[in-house]
$ cat final.cif   # mmCIF, C-alpha atoms
data_start
#
loop_
_atom_site.group_PDB
_atom_site.id
_atom_site.type_symbol
_atom_site.label_atom_id
_atom_site.label_comp_id
_atom_site.auth_asym_id
_atom_site.auth_seq_id
_atom_site.Cartn_x
_atom_site.Cartn_y
_atom_site.Cartn_z
ATOM 1 C CA MET A 1 127.455 17.178 160.218
ATOM 2 C CA VAL A 2 124.306 16.766 162.311
ATOM 3 C CA LEU A 3 125.839 13.923 164.346
ATOM 4 C CA GLY A 4 128.940 16.028 164.957
ATOM 5 C CA LEU A 5 126.860 18.931 166.257
ATOM 6 C CA ARG A 6 124.876 16.637 168.522
ATOM 7 C CA ALA A 7 128.053 15.054 169.893
ATOM 8 C CA ALA A 8 129.604 18.480 170.488
ATOM 9 C CA SER A 9 126.513 19.764 172.296
ATOM 10 C CA PHE A 10 126.404 16.625 174.462
ATOM 11 C CA ALA A 11 130.093 16.973 175.338
ATOM 12 C CA ALA A 12 129.551 20.644 176.234
ATOM 13 C CA PHE A 13 126.626 19.661 178.449
ATOM 14 C CA LEU A 14 128.742 17.067 180.281
ATOM 15 C CA LEU A 15 131.586 19.556 180.759
ATOM 16 C CA LEU A 16 129.174 22.154 182.142
ATOM 17 C CA TRP A 17 127.689 19.532 184.466
ATOM 18 C CA GLU A 18 131.142 18.491 185.677
ATOM 19 C CA TRP A 19 132.098 22.132 186.244
ATOM 20 C CA ALA A 20 128.889 22.733 188.251
ATOM 21 C CA ALA A 21 129.726 19.705 190.429
ATOM 22 C CA ARG A 22 133.322 20.813 191.038
ATOM 23 C CA VAL A 23 132.695 24.525 191.810
ATOM 24 C CA PRO A 24 130.381 23.391 193.529
ATOM 25 C CA VAL A 25 127.131 25.109 192.659
ATOM 26 C CA SER A 26 125.585 23.262 195.597
ATOM 27 C CA PHE A 27 126.812 20.654 198.058
ATOM 28 C CA ASN A 28 124.127 18.262 196.818
ATOM 29 C CA PHE A 29 125.004 18.546 193.116
ATOM 30 C CA PRO A 30 126.563 15.204 192.037
ATOM 31 C CA SER A 31 129.026 14.828 189.184
ATOM 32 C CA PRO A 32 128.114 13.002 185.949
ATOM 33 C CA TRP A 33 130.273 10.031 186.984
ATOM 34 C CA ALA A 34 128.615 9.786 190.411
ATOM 35 C CA THR A 35 125.198 9.942 188.752
ATOM 36 C CA LEU A 36 126.120 7.248 186.231
ATOM 37 C CA THR A 37 127.512 5.025 188.999
ATOM 38 C CA ALA A 38 124.286 5.419 190.989
ATOM 39 C CA LEU A 39 122.235 4.625 187.881
ATOM 40 C CA VAL A 40 124.170 1.395 187.287
ATOM 41 C CA ALA A 41 123.706 0.427 190.939
ATOM 42 C CA LEU A 42 119.968 1.068 190.747
ATOM 43 C CA LEU A 43 119.685 -1.039 187.600
ATOM 44 C CA GLN A 44 121.644 -3.882 189.186
ATOM 45 C CA SER A 45 119.440 -3.867 192.269
ATOM 46 C CA ALA A 46 116.281 -4.100 190.113
ATOM 47 C CA GLU A 47 114.760 -1.345 192.263
ATOM 48 C CA LEU A 48 114.696 1.077 189.355
ATOM 49 C CA LEU A 49 113.173 -1.424 186.942
ATOM 50 C CA THR A 50 110.403 -2.271 189.403
ATOM 51 C CA ALA A 51 109.592 1.408 189.854
ATOM 52 C CA THR A 52 109.678 1.887 186.081
ATOM 53 C CA LEU A 53 107.161 -0.906 185.491
ATOM 54 C CA THR A 54 104.843 0.648 188.071
ATOM 55 C CA SER A 55 105.109 4.088 186.466
ATOM 56 C CA LEU A 56 104.608 2.690 182.974
ATOM 57 C CA GLN A 57 101.277 1.233 184.044
ATOM 58 C CA SER A 58 100.004 4.714 184.878
ATOM 59 C CA LEU A 59 101.544 6.135 181.701
ATOM 60 C CA LEU A 60 100.032 3.517 179.411
ATOM 61 C CA LEU A 61 96.599 3.756 181.039
ATOM 62 C CA GLY A 62 96.469 7.556 180.978
ATOM 63 C CA PHE A 63 98.061 8.169 177.608
ATOM 64 C CA GLY A 64 96.208 5.266 175.994
ATOM 65 C CA ALA A 65 92.935 6.786 177.181
ATOM 66 C CA ALA A 66 94.067 10.183 175.846
ATOM 67 C CA LEU A 67 94.595 8.648 172.398
ATOM 68 C CA ILE A 68 91.361 6.661 172.396
ATOM 69 C CA VAL A 69 89.311 9.698 173.455
ATOM 70 C CA GLY A 70 91.325 12.633 172.113
ATOM 71 C CA VAL A 71 91.964 11.685 168.492
ATOM 72 C CA PRO A 72 88.372 10.694 167.530
ATOM 73 C CA PHE A 73 86.913 13.607 169.490
ATOM 74 C CA GLY A 74 89.303 16.080 167.855
ATOM 75 C CA LEU A 75 88.413 14.757 164.405
ATOM 76 C CA ALA A 76 84.707 15.010 165.262
ATOM 77 C CA MET A 77 85.234 18.610 166.407
ATOM 78 C CA GLY A 78 86.738 19.455 163.039
ATOM 79 C CA VAL A 79 84.081 17.704 160.982
ATOM 80 C CA VAL A 80 81.032 18.845 163.009
ATOM 81 C CA ARG A 81 81.597 22.587 163.360
ATOM 82 C CA PRO A 82 79.099 23.265 166.220
ATOM 83 C CA VAL A 83 80.797 20.600 168.346
ATOM 84 C CA GLY A 84 84.157 22.206 167.647
ATOM 85 C CA ARG A 85 82.987 25.698 168.578
ATOM 86 C CA VAL A 86 81.556 24.531 171.907
ATOM 87 C CA ALA A 87 84.270 22.054 172.924
ATOM 88 C CA ARG A 88 87.178 24.307 171.987
ATOM 89 C CA VAL A 89 86.309 26.727 174.804
ATOM 90 C CA TYR A 90 86.643 24.012 177.439
ATOM 91 C CA LEU A 91 89.811 22.596 175.901
ATOM 92 C CA ASP A 92 91.399 26.055 175.891
ATOM 93 C CA LEU A 93 90.515 26.373 179.574
ATOM 94 C CA LEU A 94 92.076 22.977 180.329
ATOM 95 C CA ILE A 95 95.262 23.942 178.495
ATOM 96 C CA ALA A 96 95.500 27.287 180.295
ATOM 97 C CA LEU A 97 94.653 25.823 183.707
ATOM 98 C CA PRO A 98 97.617 24.878 185.956
ATOM 99 C CA THR A 99 96.948 21.162 185.714
ATOM 100 C CA ALA A 100 98.613 20.340 189.036
ATOM 101 C CA ALA A 101 95.768 22.261 190.700
ATOM 102 C CA LEU A 102 93.449 19.390 189.740
ATOM 103 C CA ILE A 103 95.364 16.862 191.840
ATOM 104 C CA PRO A 104 93.309 17.470 195.037
ATOM 105 C CA LEU A 105 90.131 16.831 193.039
ATOM 106 C CA VAL A 106 91.610 13.640 191.632
ATOM 107 C CA ILE A 107 92.521 12.463 195.148
ATOM 108 C CA LEU A 108 88.964 13.095 196.349
ATOM 109 C CA SER A 109 87.489 11.288 193.340
ATOM 110 C CA PHE A 110 89.821 8.308 192.873
ATOM 111 C CA GLY A 111 91.926 8.099 196.038
ATOM 112 C CA ILE A 112 95.667 7.404 195.915
ATOM 113 C CA SER A 113 96.253 4.672 193.359
ATOM 114 C CA ILE A 114 97.611 3.928 189.913
ATOM 115 C CA VAL A 115 94.227 4.946 188.505
ATOM 116 C CA SER A 116 94.561 8.438 189.977
ATOM 117 C CA SER A 117 98.037 8.785 188.436
ATOM 118 C CA ALA A 118 96.595 7.666 185.098
ATOM 119 C CA VAL A 119 93.873 10.314 185.386
ATOM 120 C CA ILE A 120 96.525 13.016 185.884
ATOM 121 C CA VAL A 121 98.459 11.721 182.862
ATOM 122 C CA PHE A 122 95.232 11.832 180.847
ATOM 123 C CA VAL A 123 94.456 15.411 181.899
ATOM 124 C CA PHE A 124 97.989 16.532 181.044
ATOM 125 C CA SER A 125 98.036 14.992 177.569
ATOM 126 C CA ALA A 126 94.478 14.667 176.219
ATOM 127 C CA PRO A 127 93.780 18.385 175.501
ATOM 128 C CA PHE A 128 96.871 18.668 173.281
ATOM 129 C CA VAL A 129 96.092 15.454 171.401
ATOM 130 C CA THR A 130 92.511 16.628 170.845
ATOM 131 C CA MET A 131 93.379 20.160 169.768
ATOM 132 C CA ASN A 132 95.968 18.979 167.260
ATOM 133 C CA ALA A 133 93.506 16.545 165.706
ATOM 134 C CA TYR A 134 90.963 19.354 165.530
ATOM 135 C CA GLY A 135 93.509 21.720 163.973
ATOM 136 C CA GLY A 136 94.502 19.095 161.424
ATOM 137 C CA VAL A 137 90.918 18.801 160.168
ATOM 138 C CA ARG A 138 90.482 22.582 160.125
ATOM 139 C CA ASP A 139 93.626 22.987 158.010
ATOM 140 C CA VAL A 140 92.418 20.688 155.227
ATOM 141 C CA ARG A 141 92.591 22.633 151.965
ATOM 142 C CA PRO A 142 89.087 23.559 150.767
ATOM 143 C CA GLN A 143 90.142 23.009 147.146
ATOM 144 C CA LEU A 144 90.646 19.304 147.816
ATOM 145 C CA VAL A 145 87.224 18.997 149.432
ATOM 146 C CA GLU A 146 85.546 20.846 146.562
ATOM 147 C CA MET A 147 87.304 18.647 144.006
ATOM 148 C CA ALA A 148 86.200 15.470 145.787
ATOM 149 C CA ARG A 149 82.614 16.719 145.898
ATOM 150 C CA ALA A 150 82.794 17.604 142.213
ATOM 151 C CA PHE A 151 83.571 13.952 141.509
ATOM 152 C CA ASP A 152 80.574 12.850 143.632
ATOM 153 C CA ALA A 153 82.669 11.414 146.459
ATOM 154 C CA SER A 154 80.627 10.036 149.319
ATOM 155 C CA TRP A 155 81.049 11.360 152.871
ATOM 156 C CA GLY A 156 83.046 8.282 153.826
ATOM 157 C CA GLN A 157 85.369 8.646 150.831
ATOM 158 C CA LEU A 158 85.770 12.355 151.547
ATOM 159 C CA PHE A 159 86.776 11.641 155.141
ATOM 160 C CA THR A 160 89.079 8.659 154.544
ATOM 161 C CA ARG A 161 90.796 9.915 151.372
ATOM 162 C CA ILE A 162 90.913 13.688 151.891
ATOM 163 C CA VAL A 163 90.283 14.779 155.469
ATOM 164 C CA LEU A 164 92.113 12.039 157.380
ATOM 165 C CA PRO A 165 95.309 11.964 155.266
ATOM 166 C CA SER A 166 95.498 15.775 155.328
ATOM 167 C CA ALA A 167 95.014 15.881 159.107
ATOM 168 C CA LEU A 168 97.391 12.986 159.819
ATOM 169 C CA PRO A 169 100.605 15.076 160.155
ATOM 170 C CA MET A 170 99.056 17.303 162.827
ATOM 171 C CA VAL A 171 97.432 14.324 164.542
ATOM 172 C CA LEU A 172 100.798 12.567 164.824
ATOM 173 C CA ALA A 173 102.493 15.771 165.983
ATOM 174 C CA GLY A 174 99.828 16.116 168.661
ATOM 175 C CA ILE A 175 100.389 12.525 169.779
ATOM 176 C CA ARG A 176 104.127 13.183 170.071
ATOM 177 C CA TYR A 177 103.584 16.368 172.050
ATOM 178 C CA GLY A 178 100.934 14.654 174.150
ATOM 179 C CA LEU A 179 103.427 11.908 175.015
ATOM 180 C CA SER A 180 105.925 14.453 176.289
ATOM 181 C CA ARG A 181 103.171 16.031 178.378
ATOM 182 C CA ALA A 182 102.189 12.574 179.635
ATOM 183 C CA PHE A 183 105.671 12.055 181.068
ATOM 184 C CA VAL A 184 105.434 15.435 182.795
ATOM 185 C CA GLY A 185 102.055 14.504 184.237
ATOM 186 C CA LEU A 186 103.381 11.132 185.377
ATOM 187 C CA ILE A 187 106.226 12.628 187.405
ATOM 188 C CA VAL A 188 104.024 15.410 188.820
ATOM 189 C CA ALA A 189 101.430 12.855 189.872
ATOM 190 C CA GLU A 190 103.976 10.573 191.507
ATOM 191 C CA LEU A 191 105.752 13.402 193.302
ATOM 192 C CA LEU A 192 102.594 15.010 194.660
ATOM 193 C CA LEU A 193 100.162 12.130 194.809
ATOM 194 C CA SER A 194 101.321 8.550 194.565
ATOM 195 C CA PRO A 195 103.736 6.823 196.954
ATOM 196 C CA PHE A 196 105.084 4.494 194.261
ATOM 197 C CA GLY A 197 106.954 4.415 190.966
ATOM 198 C CA LEU A 198 109.781 6.662 189.833
ATOM 199 C CA GLY A 199 108.408 9.607 191.790
ATOM 200 C CA ARG A 200 108.669 7.563 194.981
ATOM 201 C CA LEU A 201 112.335 6.819 194.240
ATOM 202 C CA ILE A 202 113.030 10.513 193.693
ATOM 203 C CA MET A 203 111.293 11.473 196.930
ATOM 204 C CA ILE A 204 113.054 8.784 198.999
ATOM 205 C CA SER A 205 116.467 9.689 197.567
ATOM 206 C CA ARG A 206 115.906 13.364 198.315
ATOM 207 C CA SER A 207 114.772 12.699 201.883
ATOM 208 C CA MET A 208 117.828 10.472 202.493
ATOM 209 C CA PHE A 209 120.176 13.087 200.919
ATOM 210 C CA GLU A 210 121.231 10.506 198.307
ATOM 211 C CA HIS A 211 121.373 13.082 195.576
ATOM 212 C CA ASP A 212 123.326 10.890 193.174
ATOM 213 C CA ARG A 213 120.457 8.367 193.251
ATOM 214 C CA MET A 214 117.939 11.172 192.817
ATOM 215 C CA PHE A 215 119.772 12.537 189.774
ATOM 216 C CA ALA A 216 120.144 9.007 188.416
ATOM 217 C CA THR A 217 116.374 8.453 188.641
ATOM 218 C CA VAL A 218 115.697 11.761 186.912
ATOM 219 C CA LEU A 219 118.243 10.878 184.214
ATOM 220 C CA TRP A 220 116.596 7.477 183.725
ATOM 221 C CA THR A 221 113.219 9.176 183.328
ATOM 222 C CA LEU A 222 114.675 11.518 180.706
ATOM 223 C CA LEU A 223 116.175 8.568 178.851
ATOM 224 C CA LEU A 224 112.825 6.762 178.870
ATOM 225 C CA ALA A 225 111.009 9.841 177.569
ATOM 226 C CA GLY A 226 113.651 10.428 174.900
ATOM 227 C CA ALA A 227 113.510 6.812 173.731
ATOM 228 C CA ALA A 228 109.697 6.856 173.574
ATOM 229 C CA LEU A 229 109.638 10.145 171.635
ATOM 230 C CA HIS A 230 112.322 8.894 169.248
ATOM 231 C CA ALA A 231 110.368 5.699 168.578
ATOM 232 C CA LEU A 232 107.215 7.724 167.983
ATOM 233 C CA ALA A 233 109.081 10.039 165.591
ATOM 234 C CA ARG A 234 110.261 6.988 163.629
ATOM 235 C CA VAL A 235 106.693 5.689 163.407
ATOM 236 C CA GLU A 236 105.534 9.151 162.304
ATOM 237 C CA ALA A 237 108.186 9.305 159.563
ATOM 238 C CA ARG A 238 107.179 5.851 158.329
ATOM 239 C CA LEU A 239 103.472 6.694 158.258
ATOM 240 C CA LEU A 240 104.102 9.962 156.391
ATOM 241 C CA ARG A 241 106.407 8.567 153.712
ATOM 242 C CA TRP A 242 103.675 9.172 151.141
ATOM 243 C CA ARG A 243 104.111 12.950 151.577
ATOM 244 C CA ALA A 244 107.533 12.808 149.902
#

$ encode --input "final.cif" --output "structure tokens"
Amino acid sequence: MVLGLRAASFAAFLLLWEWAARVPVSFNFPSPWATLTALVALLQSAELLTATLTSLQSLLLGFGAALIVGVPFGLAMGVVRPVGRVARVYLDLLIALPTAALIPLVILSFGISIVSSAVIVFVFSAPFVTMNAYGGVRDVRPQLVEMARAFDASWGQLFTRIVLPSALPMVLAGIRYGLSRAFVGLIVAELLLSPFGLGRLIMISRSMFEHDRMFATVLWTLLLAGAALHALARVEARLLRWRA
């Protein structure tokens, strides 16, 4: 049933796309077949794969740093209440701030490089990873904590057997959401900042009016993000099997 609904929605999307290309909505709106043909050509030329490897470096650096910093800091915010009360204000400001506005500051600080793209990816994703880890600790049921203390559980046992397992679902959800934000940050950084990677391909295709190649690059980016999120969802389901 679910597969049938997904297939029907995908077919409806393709039909709507084909209709928009035939009307046409715009002279530079390619059809699905033209986009697929351009995608195959880009893959055969290895140009797309080279750009993908370059972009993945920024993604892995920025999102890896977001995980290394965000998850432990979010857990610490939940366990040490004063730290949480102070840090939450700044994290809320970062989430509310239009993150693209920080790009000029990043350029001044790090120049135009893969490192600067990684910094943008980090800024886009880290606040959400941190806040979800913090929320997971805050949502631990007090009854479980009181029961563990009644049985003279040490602080380490309380954290590893009560707090961390209870917070794990929200931590993993935050990582998944942070990954989606990391892809957004990657493309924003490469469109506005870095003359390399997938963003460079999109910009060159647009400037040369090769809109089928531009759509193909965007489609490839969506496929990469979808595959990464699907893999992360599978890992999340495997790690949370104990909840069943």

$ resolve_selection --input "final.cif" --expression "the PyMOL selection byres ((chain A and resi 75-79) around 10)" --output "PyMOL selection string"
chain A and resi 70-74+80-88+130-140+159+163-164+167+171

$ residues_near_point --input "final.cif" --point "(129.1, 7.7, 189.4)" --cutoff "12 Å" --atoms "all atoms listed in the file" --output "MDAnalysis selection string"
chainID A and resid 18 30:42 211:213 215:216

$ residues_around --input "final.cif" --residues "range 104-113 of chain A" --least-positions-apart "6" --cutoff "12 Å" --atoms "all atoms listed in the file" --output "ChimeraX atom specification"
/A:54-55,57-58,119-123,189-190,192-197

$ atom_distance --input "final.cif" --atom1 "CA of Thr52 in chain A" --atom2 "CA of Ala233 in chain A"
22.1 Å

$ closest_residue --input "final.cif" --among "A:Phe63, A:Phe183, A:Phe151, A:Phe128" --to "Leu94 in chain A" --atoms "only C-alpha atoms"
A:Phe128

$ residues_around --input "final.cif" --residues "Ala225 in chain A" --least-positions-apart "4" --cutoff "8 Å" --atoms "only C-alpha atoms" --output "list in words"
Ser180, Phe183, Thr221 and Leu229 of chain A

$ residues_around --input "final.cif" --residues "Ala182 in chain A" --least-positions-apart "4" --cutoff "7 Å" --atoms "only C-alpha atoms" --output "list of chain:residue names"
A:Leu59, A:Phe63, A:Val121, A:Phe124, A:Ser125, A:Gly178, A:Leu186

$ atom_distance --input "final.cif" --atom1 "CA of Phe10 in chain A" --atom2 "CA of Leu219 in chain A"
14.0 Å

$ atom_distance --input "final.cif" --atom1 "CA of Thr160 in chain A" --atom2 "CA of Val145 in chain A"
11.7 Å

$ axis_aligned_box --input "final.cif" --around "range 202-208 of chain A" --padding-each-side "6 Å" --output "lines of an AutoDock Vina configuration file"
center_x = 114.6
center_y = 11.1
center_z = 198.1
size_x = 18.5
size_y = 16.6
size_z = 20.8

$ residues_around --input "final.cif" --residues "Pro169 in chain A" --least-positions-apart "5" --cutoff "9 Å" --atoms "all atoms listed in the file" --output "ChimeraX atom specification"
/A:136,174,236,240

$ closest_residue --input "final.cif" --among "A:Ile162, A:Ile103, A:Ile202, A:Val69" --to "Gln143 in chain A" --atoms "only C-alpha atoms"
A:Ile162

$ closest_residue --input "final.cif" --among "A:Arg181, A:Ala148, A:Leu48, A:Phe13" --to "Thr99 in chain A" --atoms "only C-alpha atoms"
A:Arg181

$ closest_residue --input "final.cif" --among "A:Met170, A:Ile175, A:Val218, A:Val89" --to "Ser205 in chain A" --atoms "only C-alpha atoms"
A:Val218

$ build_atoms --input "final.cif" --residues "range 143-178 of chain A" --atoms "N, CA and C atoms" --output "PDB file, in the coordinates of the input"
ATOM      1  N   GLN A 143      90.112  23.406 148.550  1.00  0.00           N
ATOM      2  CA  GLN A 143      90.142  23.009 147.146  1.00  0.00           C
ATOM      3  C   GLN A 143      90.049  21.489 146.984  1.00  0.00           C
ATOM      4  N   LEU A 144      90.713  20.761 147.896  1.00  0.00           N
ATOM      5  CA  LEU A 144      90.646  19.304 147.816  1.00  0.00           C
ATOM      6  C   LEU A 144      89.240  18.799 148.106  1.00  0.00           C
ATOM      7  N   VAL A 145      88.587  19.407 149.096  1.00  0.00           N
ATOM      8  CA  VAL A 145      87.224  18.997 149.432  1.00  0.00           C
ATOM      9  C   VAL A 145      86.281  19.298 148.273  1.00  0.00           C
ATOM     10  N   GLU A 146      86.419  20.473 147.682  1.00  0.00           N
ATOM     11  CA  GLU A 146      85.546  20.846 146.562  1.00  0.00           C
ATOM     12  C   GLU A 146      85.767  19.937 145.366  1.00  0.00           C
ATOM     13  N   MET A 147      87.024  19.546 145.124  1.00  0.00           N
ATOM     14  CA  MET A 147      87.304  18.647 144.006  1.00  0.00           C
ATOM     15  C   MET A 147      86.685  17.276 144.241  1.00  0.00           C
ATOM     16  N   ALA A 148      86.785  16.773 145.482  1.00  0.00           N
ATOM     17  CA  ALA A 148      86.200  15.470 145.787  1.00  0.00           C
ATOM     18  C   ALA A 148      84.681  15.507 145.618  1.00  0.00           C
ATOM     19  N   ARG A 149      84.066  16.602 146.058  1.00  0.00           N
ATOM     20  CA  ARG A 149      82.614  16.719 145.898  1.00  0.00           C
ATOM     21  C   ARG A 149      82.228  16.838 144.427  1.00  0.00           C
ATOM     22  N   ALA A 150      83.083  17.472 143.647  1.00  0.00           N
ATOM     23  CA  ALA A 150      82.794  17.604 142.213  1.00  0.00           C
ATOM     24  C   ALA A 150      82.781  16.244 141.527  1.00  0.00           C
ATOM     25  N   PHE A 151      83.550  15.305 142.061  1.00  0.00           N
ATOM     26  CA  PHE A 151      83.571  13.952 141.509  1.00  0.00           C
ATOM     27  C   PHE A 151      82.608  13.017 142.240  1.00  0.00           C
ATOM     28  N   ASP A 152      81.632  13.603 142.951  1.00  0.00           N
ATOM     29  CA  ASP A 152      80.574  12.850 143.632  1.00  0.00           C
ATOM     30  C   ASP A 152      81.121  11.860 144.665  1.00  0.00           C
ATOM     31  N   ALA A 153      82.139  12.272 145.392  1.00  0.00           N
ATOM     32  CA  ALA A 153      82.669  11.414 146.459  1.00  0.00           C
ATOM     33  C   ALA A 153      81.672  11.365 147.603  1.00  0.00           C
ATOM     34  N   SER A 154      81.515  10.183 148.170  1.00  0.00           N
ATOM     35  CA  SER A 154      80.627  10.036 149.319  1.00  0.00           C
ATOM     36  C   SER A 154      81.280  10.657 150.555  1.00  0.00           C
ATOM     37  N   TRP A 155      80.482  10.775 151.653  1.00  0.00           N
ATOM     38  CA  TRP A 155      81.049  11.360 152.871  1.00  0.00           C
ATOM     39  C   TRP A 155      82.183  10.500 153.415  1.00  0.00           C
ATOM     40  N   GLY A 156      81.997   9.174 153.346  1.00  0.00           N
ATOM     41  CA  GLY A 156      83.046   8.282 153.826  1.00  0.00           C
ATOM     42  C   GLY A 156      84.323   8.398 153.011  1.00  0.00           C
ATOM     43  N   GLN A 157      84.187   8.482 151.682  1.00  0.00           N
ATOM     44  CA  GLN A 157      85.369   8.646 150.831  1.00  0.00           C
ATOM     45  C   GLN A 157      86.034   9.996 151.076  1.00  0.00           C
ATOM     46  N   LEU A 158      85.221  11.028 151.281  1.00  0.00           N
ATOM     47  CA  LEU A 158      85.770  12.355 151.547  1.00  0.00           C
ATOM     48  C   LEU A 158      86.583  12.356 152.842  1.00  0.00           C
ATOM     49  N   PHE A 159      86.078  11.657 153.853  1.00  0.00           N
ATOM     50  CA  PHE A 159      86.776  11.641 155.141  1.00  0.00           C
ATOM     51  C   PHE A 159      88.044  10.793 155.087  1.00  0.00           C
ATOM     52  N   THR A 160      87.942   9.588 154.504  1.00  0.00           N
ATOM     53  CA  THR A 160      89.079   8.659 154.544  1.00  0.00           C
ATOM     54  C   THR A 160      90.165   9.016 153.541  1.00  0.00           C
ATOM     55  N   ARG A 161      89.800   9.660 152.418  1.00  0.00           N
ATOM     56  CA  ARG A 161      90.796   9.915 151.372  1.00  0.00           C
ATOM     57  C   ARG A 161      91.272  11.363 151.314  1.00  0.00           C
ATOM     58  N   ILE A 162      90.514  12.272 151.924  1.00  0.00           N
ATOM     59  CA  ILE A 162      90.913  13.688 151.891  1.00  0.00           C
ATOM     60  C   ILE A 162      91.183  14.217 153.297  1.00  0.00           C
ATOM     61  N   VAL A 163      90.180  14.151 154.149  1.00  0.00           N
ATOM     62  CA  VAL A 163      90.283  14.779 155.469  1.00  0.00           C
ATOM     63  C   VAL A 163      91.323  14.078 156.334  1.00  0.00           C
ATOM     64  N   LEU A 164      91.213  12.764 156.484  1.00  0.00           N
ATOM     65  CA  LEU A 164      92.113  12.039 157.380  1.00  0.00           C
ATOM     66  C   LEU A 164      93.576  12.092 156.942  1.00  0.00           C
ATOM     67  N   PRO A 165      93.896  11.839 155.660  1.00  0.00           N
ATOM     68  CA  PRO A 165      95.309  11.964 155.266  1.00  0.00           C
ATOM     69  C   PRO A 165      95.855  13.381 155.438  1.00  0.00           C
ATOM     70  N   SER A 166      95.029  14.396 155.171  1.00  0.00           N
ATOM     71  CA  SER A 166      95.498  15.775 155.328  1.00  0.00           C
ATOM     72  C   SER A 166      95.719  16.135 156.792  1.00  0.00           C
ATOM     73  N   ALA A 167      94.891  15.575 157.679  1.00  0.00           N
ATOM     74  CA  ALA A 167      95.014  15.881 159.107  1.00  0.00           C
ATOM     75  C   ALA A 167      96.061  15.032 159.800  1.00  0.00           C
ATOM     76  N   LEU A 168      96.495  13.939 159.161  1.00  0.00           N
ATOM     77  CA  LEU A 168      97.391  12.986 159.819  1.00  0.00           C
ATOM     78  C   LEU A 168      98.689  13.609 160.341  1.00  0.00           C
ATOM     79  N   PRO A 169      99.368  14.494 159.591  1.00  0.00           N
ATOM     80  CA  PRO A 169     100.605  15.076 160.155  1.00  0.00           C
ATOM     81  C   PRO A 169     100.379  15.808 161.473  1.00  0.00           C
ATOM     82  N   MET A 170      99.320  16.599 161.577  1.00  0.00           N
ATOM     83  CA  MET A 170      99.056  17.303 162.827  1.00  0.00           C
ATOM     84  C   MET A 170      98.587  16.356 163.920  1.00  0.00           C
ATOM     85  N   VAL A 171      97.855  15.314 163.551  1.00  0.00           N
ATOM     86  CA  VAL A 171      97.432  14.324 164.542  1.00  0.00           C
ATOM     87  C   VAL A 171      98.651  13.646 165.160  1.00  0.00           C
ATOM     88  N   LEU A 172      99.600  13.239 164.325  1.00  0.00           N
ATOM     89  CA  LEU A 172     100.798  12.567 164.824  1.00  0.00           C
ATOM     90  C   LEU A 172     101.668  13.526 165.634  1.00  0.00           C
ATOM     91  N   ALA A 173     101.744  14.780 165.195  1.00  0.00           N
ATOM     92  CA  ALA A 173     102.493  15.771 165.983  1.00  0.00           C
ATOM     93  C   ALA A 173     101.847  15.977 167.347  1.00  0.00           C
ATOM     94  N   GLY A 174     100.526  15.983 167.390  1.00  0.00           N
ATOM     95  CA  GLY A 174      99.828  16.116 168.661  1.00  0.00           C
ATOM     96  C   GLY A 174     100.048  14.922 169.570  1.00  0.00           C
ATOM     97  N   ILE A 175     100.112  13.722 168.980  1.00  0.00           N
ATOM     98  CA  ILE A 175     100.389  12.525 169.779  1.00  0.00           C
ATOM     99  C   ILE A 175     101.787  12.600 170.375  1.00  0.00           C
ATOM    100  N   ARG A 176     102.750  13.072 169.569  1.00  0.00           N
ATOM    101  CA  ARG A 176     104.127  13.183 170.071  1.00  0.00           C
ATOM    102  C   ARG A 176     104.222  14.215 171.195  1.00  0.00           C
ATOM    103  N   TYR A 177     103.569  15.350 170.998  1.00  0.00           N
ATOM    104  CA  TYR A 177     103.584  16.368 172.050  1.00  0.00           C
ATOM    105  C   TYR A 177     102.813  15.893 173.272  1.00  0.00           C
ATOM    106  N   GLY A 178     101.703  15.194 173.037  1.00  0.00           N
ATOM    107  CA  GLY A 178     100.934  14.654 174.150  1.00  0.00           C
ATOM    108  C   GLY A 178     101.728  13.643 174.958  1.00  0.00           C
TER     109      GLY A 178
END
